[in-house]
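S.K.: Got a file for you: target_21.pdb, PDB, C-alpha atoms and all ligand atoms.
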ATOM      1  CA  MET L  10     -55.242 -27.818  25.890  1.00  0.00           C
ATOM      2  CA  LEU L  11     -53.735 -24.370  25.520  1.00  0.00           C
ATOM      3  CA  THR L  12     -52.012 -22.051  27.919  1.00  0.00           C
ATOM      4  CA  GLN L  13     -52.898 -18.379  27.993  1.00  0.00           C
ATOM      5  CA  LEU L  14     -50.581 -15.947  29.697  1.00  0.00           C
ATOM      6  CA  ILE L  15     -50.730 -12.202  30.285  1.00  0.00           C
ATOM      7  CA  TYR L  16     -47.786 -10.162  31.536  1.00  0.00           C
ATOM      8  CA  ALA L  17     -46.911  -6.499  31.856  1.00  0.00           C
ATOM      9  CA  SER L  18     -43.551  -4.747  31.528  1.00  0.00           C
ATOM     10  CA  GLU L  19     -42.024  -1.345  31.010  1.00  0.00           C
ATOM     11  CA  PRO L  20     -40.441  -0.520  27.627  1.00  0.00           C
ATOM     12  CA  PHE L  21     -36.754   0.382  27.853  1.00  0.00           C
ATOM     13  CA  GLY L  22     -35.469   2.776  25.153  1.00  0.00           C
ATOM     14  CA  PHE L  23     -38.824   2.729  23.386  1.00  0.00           C
ATOM     15  CA  ASP L  24     -39.219   3.937  19.807  1.00  0.00           C
ATOM     16  CA  ASP L  25     -41.025   2.855  16.620  1.00  0.00           C
ATOM     17  CA  ALA L  26     -38.024   1.068  15.159  1.00  0.00           C
ATOM     18  CA  MET L  27     -37.635  -0.998  18.302  1.00  0.00           C
ATOM     19  CA  LEU L  28     -41.311  -1.888  18.313  1.00  0.00           C
ATOM     20  CA  ASP L  29     -41.157  -2.891  14.638  1.00  0.00           C
ATOM     21  CA  GLY L  30     -38.189  -5.123  15.408  1.00  0.00           C
ATOM     22  CA  ILE L  31     -39.968  -6.785  18.331  1.00  0.00           C
ATOM     23  CA  LEU L  32     -43.109  -7.421  16.276  1.00  0.00           C
ATOM     24  CA  LEU L  33     -41.169  -8.849  13.345  1.00  0.00           C
ATOM     25  CA  GLN L  34     -39.335 -11.262  15.621  1.00  0.00           C
ATOM     26  CA  ALA L  35     -42.484 -12.122  17.590  1.00  0.00           C
ATOM     27  CA  ARG L  36     -44.530 -12.900  14.466  1.00  0.00           C
ATOM     28  CA  ARG L  37     -41.824 -14.992  12.859  1.00  0.00           C
ATOM     29  CA  ASN L  38     -41.211 -17.051  15.992  1.00  0.00           C
ATOM     30  CA  ASN L  39     -44.869 -17.349  16.971  1.00  0.00           C
ATOM     31  CA  ALA L  40     -45.854 -18.643  13.523  1.00  0.00           C
ATOM     32  CA  ARG L  41     -43.193 -21.309  13.910  1.00  0.00           C
ATOM     33  CA  ASN L  42     -44.186 -22.168  17.492  1.00  0.00           C
ATOM     34  CA  GLY L  43     -47.971 -22.174  17.086  1.00  0.00           C
ATOM     35  CA  LEU L  44     -48.452 -19.132  19.317  1.00  0.00           C
ATOM     36  CA  THR L  45     -50.922 -16.283  18.881  1.00  0.00           C
ATOM     37  CA  GLY L  46     -51.694 -13.170  20.896  1.00  0.00           C
ATOM     38  CA  ALA L  47     -51.736  -9.421  21.176  1.00  0.00           C
ATOM     39  CA  LEU L  48     -49.420  -6.703  22.443  1.00  0.00           C
ATOM     40  CA  ILE L  49     -50.898  -3.488  23.828  1.00  0.00           C
ATOM     41  CA  VAL L  50     -48.314  -0.743  23.625  1.00  0.00           C
ATOM     42  CA  ARG L  51     -47.763   2.599  25.301  1.00  0.00           C
ATOM     43  CA  ALA L  52     -44.502   4.471  25.930  1.00  0.00           C
ATOM     44  CA  ASP L  53     -44.631   3.335  29.588  1.00  0.00           C
ATOM     45  CA  LEU L  54     -46.263  -0.072  29.139  1.00  0.00           C
ATOM     46  CA  TYR L  55     -46.270  -3.370  27.318  1.00  0.00           C
ATOM     47  CA  LEU L  56     -49.255  -5.560  28.121  1.00  0.00           C
ATOM     48  CA  GLN L  57     -49.048  -8.837  26.219  1.00  0.00           C
ATOM     49  CA  LEU L  58     -51.342 -11.841  25.905  1.00  0.00           C
ATOM     50  CA  LEU L  59     -49.720 -15.018  24.598  1.00  0.00           C
ATOM     51  CA  GLU L  60     -51.553 -18.275  23.937  1.00  0.00           C
ATOM     52  CA  GLY L  61     -50.606 -21.694  22.590  1.00  0.00           C
ATOM     53  CA  PRO L  62     -49.105 -25.046  23.571  1.00  0.00           C
ATOM     54  CA  ASP L  63     -47.714 -24.981  27.093  1.00  0.00           C
ATOM     55  CA  ALA L  64     -44.086 -25.875  26.266  1.00  0.00           C
ATOM     56  CA  GLU L  65     -43.831 -23.148  23.610  1.00  0.00           C
ATOM     57  CA  ILE L  66     -45.422 -20.605  25.938  1.00  0.00           C
ATOM     58  CA  GLU L  67     -42.875 -21.495  28.633  1.00  0.00           C
ATOM     59  CA  ALA L  68     -39.888 -21.235  26.304  1.00  0.00           C
ATOM     60  CA  THR L  69     -41.095 -17.991  24.725  1.00  0.00           C
ATOM     61  CA  PHE L  70     -41.910 -16.324  28.024  1.00  0.00           C
ATOM     62  CA  ALA L  71     -38.464 -17.302  29.320  1.00  0.00           C
ATOM     63  CA  ARG L  72     -36.856 -15.533  26.332  1.00  0.00           C
ATOM     64  CA  ILE L  73     -39.131 -12.516  26.670  1.00  0.00           C
ATOM     65  CA  SER L  74     -38.337 -12.232  30.398  1.00  0.00           C
ATOM     66  CA  ARG L  75     -34.611 -11.961  29.593  1.00  0.00           C
ATOM     67  CA  ASP L  76     -35.080  -9.378  26.823  1.00  0.00           C
ATOM     68  CA  ASN L  77     -33.350  -6.085  27.661  1.00  0.00           C
ATOM     69  CA  ARG L  78     -35.767  -4.022  25.553  1.00  0.00           C
ATOM     70  CA  HIS L  79     -38.087  -3.930  28.548  1.00  0.00           C
ATOM     71  CA  LEU L  80     -37.901  -3.996  32.350  1.00  0.00           C
ATOM     72  CA  GLY L  81     -39.950  -5.282  35.236  1.00  0.00           C
ATOM     73  CA  VAL L  82     -41.603  -8.171  33.399  1.00  0.00           C
ATOM     74  CA  HIS L  83     -44.294  -9.522  35.697  1.00  0.00           C
ATOM     75  CA  LEU L  84     -46.732 -12.310  35.077  1.00  0.00           C
ATOM     76  CA  LEU L  85     -50.360 -11.315  35.719  1.00  0.00           C
ATOM     77  CA  LEU L  86     -52.297 -14.367  34.560  1.00  0.00           C
ATOM     78  CA  ARG L  87     -51.552 -17.889  33.459  1.00  0.00           C
ATOM     79  CA  GLU L  88     -54.432 -20.256  32.762  1.00  0.00           C
ATOM     80  CA  THR L  89     -55.429 -23.261  30.738  1.00  0.00           C
ATOM     81  CA  VAL L  90     -58.015 -22.415  28.108  1.00  0.00           C
ATOM     82  CA  THR L  91     -59.844 -24.372  25.435  1.00  0.00           C
ATOM     83  CA  GLU L  92     -60.061 -21.619  22.824  1.00  0.00           C
ATOM     84  CA  ARG L  93     -57.737 -18.940  21.550  1.00  0.00           C
ATOM     85  CA  MET L  94     -58.717 -15.315  21.878  1.00  0.00           C
ATOM     86  CA  PHE L  95     -56.609 -14.245  18.857  1.00  0.00           C
ATOM     87  CA  PRO L  96     -56.615 -17.263  16.501  1.00  0.00           C
ATOM     88  CA  ALA L  97     -55.849 -15.116  13.450  1.00  0.00           C
ATOM     89  CA  TRP L  98     -52.928 -13.149  14.913  1.00  0.00           C
ATOM     90  CA  THR L  99     -49.338 -14.318  15.328  1.00  0.00           C
ATOM     91  CA  MET L 100     -49.072 -11.039  17.291  1.00  0.00           C
ATOM     92  CA  ARG L 101     -51.573  -8.219  17.059  1.00  0.00           C
ATOM     93  CA  ASP L 102     -50.345  -4.807  18.066  1.00  0.00           C
ATOM     94  CA  ASP L 103     -52.663  -2.247  19.567  1.00  0.00           C
ATOM     95  CA  PRO L 104     -51.855   1.220  20.847  1.00  0.00           C
ATOM     96  CA  ALA L 105     -53.207   1.620  24.387  1.00  0.00           C
ATOM     97  CA  GLN L 106     -56.558   3.401  24.213  1.00  0.00           C
ATOM     98  CA  SER L 107     -57.573   6.240  26.518  1.00  0.00           C
ATOM     99  CA  TRP L 108     -59.747   3.921  28.627  1.00  0.00           C
ATOM    100  CA  LEU L 109     -56.782   1.794  29.719  1.00  0.00           C
ATOM    101  CA  TRP L 110     -55.391   2.340  33.224  1.00  0.00           C
ATOM    102  CA  ASP L 111     -53.013   5.317  33.122  1.00  0.00           C
ATOM    103  CA  ALA L 112     -49.415   5.287  34.368  1.00  0.00           C
ATOM    104  CA  ASP L 113     -50.410   6.546  37.831  1.00  0.00           C
ATOM    105  CA  ALA L 114     -53.042   3.839  38.267  1.00  0.00           C
ATOM    106  CA  ILE L 115     -50.545   1.209  37.157  1.00  0.00           C
ATOM    107  CA  HIS L 116     -47.918   2.469  39.587  1.00  0.00           C
ATOM    108  CA  ALA L 117     -50.598   2.289  42.276  1.00  0.00           C
ATOM    109  CA  GLY L 118     -51.066  -1.413  41.485  1.00  0.00           C
ATOM    110  CA  ALA L 119     -54.120  -1.473  39.177  1.00  0.00           C
ATOM    111  CA  LEU L 120     -52.712  -4.283  37.040  1.00  0.00           C
ATOM    112  CA  THR L 121     -51.737  -6.547  39.894  1.00  0.00           C
ATOM    113  CA  ARG L 122     -55.153  -6.030  41.522  1.00  0.00           C
ATOM    114  CA  ALA L 123     -57.081  -6.731  38.303  1.00  0.00           C
ATOM    115  CA  THR L 124     -58.971 -10.023  38.173  1.00  0.00           C
ATOM    116  CA  PRO L 125     -58.369 -12.521  35.334  1.00  0.00           C
ATOM    117  CA  ALA L 126     -61.717 -11.496  33.832  1.00  0.00           C
ATOM    118  CA  GLU L 127     -60.741  -7.811  33.931  1.00  0.00           C
ATOM    119  CA  LEU L 128     -57.378  -8.529  32.319  1.00  0.00           C
ATOM    120  CA  ARG L 129     -58.961 -10.578  29.529  1.00  0.00           C
ATOM    121  CA  ALA L 130     -61.581  -7.866  29.029  1.00  0.00           C
ATOM    122  CA  VAL L 131     -58.813  -5.372  28.215  1.00  0.00           C
ATOM    123  CA  PHE L 132     -57.809  -7.497  25.220  1.00  0.00           C
ATOM    124  CA  VAL L 133     -61.387  -8.149  24.131  1.00  0.00           C
ATOM    125  CA  ARG L 134     -62.051  -4.427  24.200  1.00  0.00           C
ATOM    126  CA  ALA L 135     -58.860  -3.523  22.334  1.00  0.00           C
ATOM    127  CA  ALA L 136     -59.807  -5.974  19.583  1.00  0.00           C
ATOM    128  CA  ALA L 137     -63.377  -4.635  19.438  1.00  0.00           C
ATOM    129  CA  ASP L 138     -62.183  -1.016  19.225  1.00  0.00           C
ATOM    130  CA  GLU L 139     -60.174  -1.740  16.127  1.00  0.00           C
ATOM    131  CA  ALA L 140     -63.015  -3.655  14.495  1.00  0.00           C
ATOM    132  CA  ALA L 141     -65.258  -0.651  15.144  1.00  0.00           C
ATOM    133  CA  SER L 142     -62.827   1.896  13.699  1.00  0.00           C
ATOM    134  CA  ALA L 143     -62.132  -0.314  10.652  1.00  0.00           C
ATOM    135  CA  ALA L 144     -65.870  -0.311   9.921  1.00  0.00           C
ATOM    136  CA  ASP L 145     -66.101   3.519   9.926  1.00  0.00           C
TER
HETATM  137  C1  LIG D   1     -42.491  -6.644  24.564  1.00  0.00           C
HETATM  138  C2  LIG D   1     -41.871  -7.831  23.862  1.00  0.00           C
HETATM  139  C3  LIG D   1     -42.701  -8.791  23.299  1.00  0.00           C
HETATM  140  C4  LIG D   1     -42.159  -9.904  22.669  1.00  0.00           C
HETATM  141  N1  LIG D   1     -42.985 -10.852  22.154  1.00  0.00           N
HETATM  142  C5  LIG D   1     -42.461 -11.982  21.619  1.00  0.00           C
HETATM  143  C6  LIG D   1     -43.311 -13.020  21.151  1.00  0.00           C
HETATM  144  O1  LIG D   1     -44.544 -12.934  21.182  1.00  0.00           O
HETATM  145  N2  LIG D   1     -42.717 -14.131  20.636  1.00  0.00           N
HETATM  146  C7  LIG D   1     -41.372 -14.271  20.552  1.00  0.00           C
HETATM  147  O2  LIG D   1     -40.905 -15.304  20.091  1.00  0.00           O
HETATM  148  N3  LIG D   1     -40.548 -13.289  20.971  1.00  0.00           N
HETATM  149  C8  LIG D   1     -41.059 -12.153  21.492  1.00  0.00           C
HETATM  150  N4  LIG D   1     -40.222 -11.144  21.903  1.00  0.00           N
HETATM  151  C9  LIG D   1     -38.785 -11.259  21.609  1.00  0.00           C
HETATM  152  C10 LIG D   1     -38.059 -12.169  22.568  1.00  0.00           C
HETATM  153  O3  LIG D   1     -37.785 -11.457  23.772  1.00  0.00           O
HETATM  154  C11 LIG D   1     -36.725 -12.651  21.971  1.00  0.00           C
HETATM  155  O4  LIG D   1     -35.932 -11.538  21.633  1.00  0.00           O
HETATM  156  C12 LIG D   1     -36.939 -13.456  20.731  1.00  0.00           C
HETATM  157  O5  LIG D   1     -37.933 -14.420  20.895  1.00  0.00           O
HETATM  158  C13 LIG D   1     -35.624 -14.154  20.316  1.00  0.00           C
HETATM  159  O6  LIG D   1     -35.811 -14.580  19.036  1.00  0.00           O
HETATM  160  P1  LIG D   1     -34.635 -15.224  18.145  1.00  0.00           P
HETATM  161  O7  LIG D   1     -34.375 -16.558  18.785  1.00  0.00           O
HETATM  162  O8  LIG D   1     -35.257 -15.321  16.817  1.00  0.00           O
HETATM  163  O9  LIG D   1     -33.483 -14.275  18.232  1.00  0.00           O
HETATM  164  C14 LIG D   1     -40.743 -10.043  22.563  1.00  0.00           C
HETATM  165  C15 LIG D   1     -39.932  -9.065  23.144  1.00  0.00           C
HETATM  166  C16 LIG D   1     -40.474  -7.964  23.778  1.00  0.00           C
HETATM  167  C17 LIG D   1     -39.575  -6.930  24.376  1.00  0.00           C
END
For the structure just supplied, provide its representation as structure tokens.
Ligand SMILES: Cc1cc2nc3c(=O)[nH]c(=O)nc-3n(C[C@H](O)[C@H](O)[C@H](O)COP(=O)(O)O)c2cc1C
M.R.:
Amino acid sequence: MLTQLIYASEPFGFDDAMLDGILLQARRNNARNGLTGALIVRADLYLQLLEGPDAEIEATFARISRDNRHLGVHLLLRETVTERMFPAWTMRDDPAQSWLWDADAIHAGALTRATPAELRAVFVRAAADEAASAAD
């Protein structure tokens, strides 16, 4: 059995170099720990899906929660699943697309009101968008 977790946070001191550093560290650790997932990124938002063995998810999320490169880490979904959504990605990174909730909607609570299906759909759609643009 696998655990799938989705959380949101607010980047602190965001720039490209910081994001590159986070992704490098995430991919190295996740490969070692059997984790996969995706990180949707915007200047005001990180939205991350992490999946893998429960103990590694716990330990990784504990480290992420303490990381001072972001603020306001809050767990949105945590479920047991039978299949990975991102089996081929130690950590995908996707810029937030225009259809994602904007900063105002998020401040008004859109993420915390979203259902598990809606939250998962965000990641499915992000993955599909890139597949579509790669095929152009
Ligand atoms: C938005 C964000 C996403 C992160 N994602 C991961 C991740 O998927 N896996 C991971 O191990 N660390 C991730 N990190 C980094 C951890 O917070 C922590 O710095 C790192 O795991 C410590 O690694 P080290 O023991 O190699 O120093 C993330 C940090 C941020 C800010």
S.K.: May I have the residues within 10 Å of ligand LIG 1 (chain D), computed using only C-alpha atoms and all ligand atoms, as an mmCIF file with C-alpha atoms, keeping the file's coordinate frame?
M.R.:
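part-v2.cif, written as the output of this step:
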data_model
loop_
_atom_site.group_PDB
_atom_site.id
_atom_site.type_symbol
_atom_site.label_atom_id
_atom_site.label_comp_id
_atom_site.auth_asym_id
_atom_site.auth_seq_id
_atom_site.Cartn_x
_atom_site.Cartn_y
_atom_site.Cartn_z
ATOM 1 C CA TYR L 16 -47.786 -10.162 31.536
ATOM 2 C CA ALA L 17 -46.911 -6.499 31.856
ATOM 3 C CA SER L 18 -43.551 -4.747 31.528
ATOM 4 C CA GLU L 19 -42.024 -1.345 31.010
ATOM 5 C CA PRO L 20 -40.441 -0.520 27.627
ATOM 6 C CA PHE L 21 -36.754 0.382 27.853
ATOM 7 C CA PHE L 23 -38.824 2.729 23.386
ATOM 8 C CA MET L 27 -37.635 -0.998 18.302
ATOM 9 C CA LEU L 28 -41.311 -1.888 18.313
ATOM 10 C CA GLY L 30 -38.189 -5.123 15.408
ATOM 11 C CA ILE L 31 -39.968 -6.785 18.331
ATOM 12 C CA LEU L 32 -43.109 -7.421 16.276
ATOM 13 C CA LEU L 33 -41.169 -8.849 13.345
ATOM 14 C CA GLN L 34 -39.335 -11.262 15.621
ATOM 15 C CA ALA L 35 -42.484 -12.122 17.590
ATOM 16 C CA ARG L 36 -44.530 -12.900 14.466
ATOM 17 C CA ARG L 37 -41.824 -14.992 12.859
ATOM 18 C CA ASN L 38 -41.211 -17.051 15.992
ATOM 19 C CA ASN L 39 -44.869 -17.349 16.971
ATOM 20 C CA ALA L 40 -45.854 -18.643 13.523
ATOM 21 C CA ARG L 41 -43.193 -21.309 13.910
ATOM 22 C CA ASN L 42 -44.186 -22.168 17.492
ATOM 23 C CA LEU L 44 -48.452 -19.132 19.317
ATOM 24 C CA THR L 45 -50.922 -16.283 18.881
ATOM 25 C CA GLY L 46 -51.694 -13.170 20.896
ATOM 26 C CA ALA L 47 -51.736 -9.421 21.176
ATOM 27 C CA LEU L 48 -49.420 -6.703 22.443
ATOM 28 C CA ILE L 49 -50.898 -3.488 23.828
ATOM 29 C CA VAL L 50 -48.314 -0.743 23.625
ATOM 30 C CA LEU L 54 -46.263 -0.072 29.139
ATOM 31 C CA TYR L 55 -46.270 -3.370 27.318
ATOM 32 C CA LEU L 56 -49.255 -5.560 28.121
ATOM 33 C CA GLN L 57 -49.048 -8.837 26.219
ATOM 34 C CA LEU L 58 -51.342 -11.841 25.905
ATOM 35 C CA LEU L 59 -49.720 -15.018 24.598
ATOM 36 C CA GLU L 60 -51.553 -18.275 23.937
ATOM 37 C CA GLU L 65 -43.831 -23.148 23.610
ATOM 38 C CA ILE L 66 -45.422 -20.605 25.938
ATOM 39 C CA ALA L 68 -39.888 -21.235 26.304
ATOM 40 C CA THR L 69 -41.095 -17.991 24.725
ATOM 41 C CA PHE L 70 -41.910 -16.324 28.024
ATOM 42 C CA ALA L 71 -38.464 -17.302 29.320
ATOM 43 C CA ARG L 72 -36.856 -15.533 26.332
ATOM 44 C CA ILE L 73 -39.131 -12.516 26.670
ATOM 45 C CA SER L 74 -38.337 -12.232 30.398
ATOM 46 C CA ARG L 75 -34.611 -11.961 29.593
ATOM 47 C CA ASP L 76 -35.080 -9.378 26.823
ATOM 48 C CA ASN L 77 -33.350 -6.085 27.661
ATOM 49 C CA ARG L 78 -35.767 -4.022 25.553
ATOM 50 C CA HIS L 79 -38.087 -3.930 28.548
ATOM 51 C CA LEU L 80 -37.901 -3.996 32.350
ATOM 52 C CA VAL L 82 -41.603 -8.171 33.399
ATOM 53 C CA THR L 99 -49.338 -14.318 15.328
ATOM 54 C CA MET L 100 -49.072 -11.039 17.291
ATOM 55 C CA ARG L 101 -51.573 -8.219 17.059
#
S.K.: CA of Ala135 in chain L to CA of Ala97 in chain L: how many Å, to one decimal?
M.R.: 14.9 Å
S.K.: Apply the PyMOL selection byres (((chain L and resi 107-113) around 12) and not hetatm) to the structure shown and report the selected residues as a PDB file with C-alpha atoms, in the frame of the given file.
M.R.:
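Here's the written file out.pdb:
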ATOM      1  CA  SER L  18     -43.551  -4.747  31.528  1.00  0.00           C
ATOM      2  CA  GLU L  19     -42.024  -1.345  31.010  1.00  0.00           C
ATOM      3  CA  ILE L  49     -50.898  -3.488  23.828  1.00  0.00           C
ATOM      4  CA  VAL L  50     -48.314  -0.743  23.625  1.00  0.00           C
ATOM      5  CA  ARG L  51     -47.763   2.599  25.301  1.00  0.00           C
ATOM      6  CA  ALA L  52     -44.502   4.471  25.930  1.00  0.00           C
ATOM      7  CA  ASP L  53     -44.631   3.335  29.588  1.00  0.00           C
ATOM      8  CA  LEU L  54     -46.263  -0.072  29.139  1.00  0.00           C
ATOM      9  CA  TYR L  55     -46.270  -3.370  27.318  1.00  0.00           C
ATOM     10  CA  LEU L  56     -49.255  -5.560  28.121  1.00  0.00           C
ATOM     11  CA  ASP L 103     -52.663  -2.247  19.567  1.00  0.00           C
ATOM     12  CA  PRO L 104     -51.855   1.220  20.847  1.00  0.00           C
ATOM     13  CA  ALA L 105     -53.207   1.620  24.387  1.00  0.00           C
ATOM     14  CA  GLN L 106     -56.558   3.401  24.213  1.00  0.00           C
ATOM     15  CA  ALA L 114     -53.042   3.839  38.267  1.00  0.00           C
ATOM     16  CA  ILE L 115     -50.545   1.209  37.157  1.00  0.00           C
ATOM     17  CA  HIS L 116     -47.918   2.469  39.587  1.00  0.00           C
ATOM     18  CA  ALA L 117     -50.598   2.289  42.276  1.00  0.00           C
ATOM     19  CA  GLY L 118     -51.066  -1.413  41.485  1.00  0.00           C
ATOM     20  CA  ALA L 119     -54.120  -1.473  39.177  1.00  0.00           C
ATOM     21  CA  LEU L 120     -52.712  -4.283  37.040  1.00  0.00           C
ATOM     22  CA  THR L 121     -51.737  -6.547  39.894  1.00  0.00           C
ATOM     23  CA  ARG L 122     -55.153  -6.030  41.522  1.00  0.00           C
ATOM     24  CA  ALA L 123     -57.081  -6.731  38.303  1.00  0.00           C
ATOM     25  CA  GLU L 127     -60.741  -7.811  33.931  1.00  0.00           C
ATOM     26  CA  LEU L 128     -57.378  -8.529  32.319  1.00  0.00           C
ATOM     27  CA  ALA L 130     -61.581  -7.866  29.029  1.00  0.00           C
ATOM     28  CA  VAL L 131     -58.813  -5.372  28.215  1.00  0.00           C
ATOM     29  CA  PHE L 132     -57.809  -7.497  25.220  1.00  0.00           C
ATOM     30  CA  ARG L 134     -62.051  -4.427  24.200  1.00  0.00           C
ATOM     31  CA  ALA L 135     -58.860  -3.523  22.334  1.00  0.00           C
ATOM     32  CA  ASP L 138     -62.183  -1.016  19.225  1.00  0.00           C
TER      33      ASP L 138
END
S.K.: Could you pull the residues within 6 Å of Leu11 in chain L, counting all atoms listed in the file, minus those fewer than 4 positions along the same chain, as a list in words?
M.R.: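 Final neighbour list, sorted by chain and number: Gly61, Pro62, Thr89 and Val90 of chain L.
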S.K.: Between CA of Ala137 in chain L and CA of Pro125 in chain L, what distance in Å does the model show, to one decimal?
M.R.: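 Distance between the two atoms: 18.4 Å.
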S.K.: CA of Ala136 in chain L and CA of Glu92 in chain L are how many Å apart?
M.R.: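 According to the coordinates, CA of Ala136 in chain L and CA of Glu92 in chain L are separated by 16.0 Å.
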S.K.: How big is the axis-aligned box, and where does its centre sit, when it encloses all atoms of range 89-98 of chain L listed in the file and has 5 Å added on every side, reported in Å to one decimal as JSON?
M.R.:
{"center_x": -56.5, "center_y": -18.8, "center_z": 22.1, "size_x": 17.1, "size_y": 21.2, "size_z": 27.3}
S.K.: Between L:Ala126, L:Asp29, L:Met10, L:Glu67, which one has atoms that come closest to Leu84 in chain L, using all atoms listed in the file?
M.R.: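 Once distances to Leu84 in chain L are computed over all atoms listed in the file, the minimum belongs to L:Glu67.
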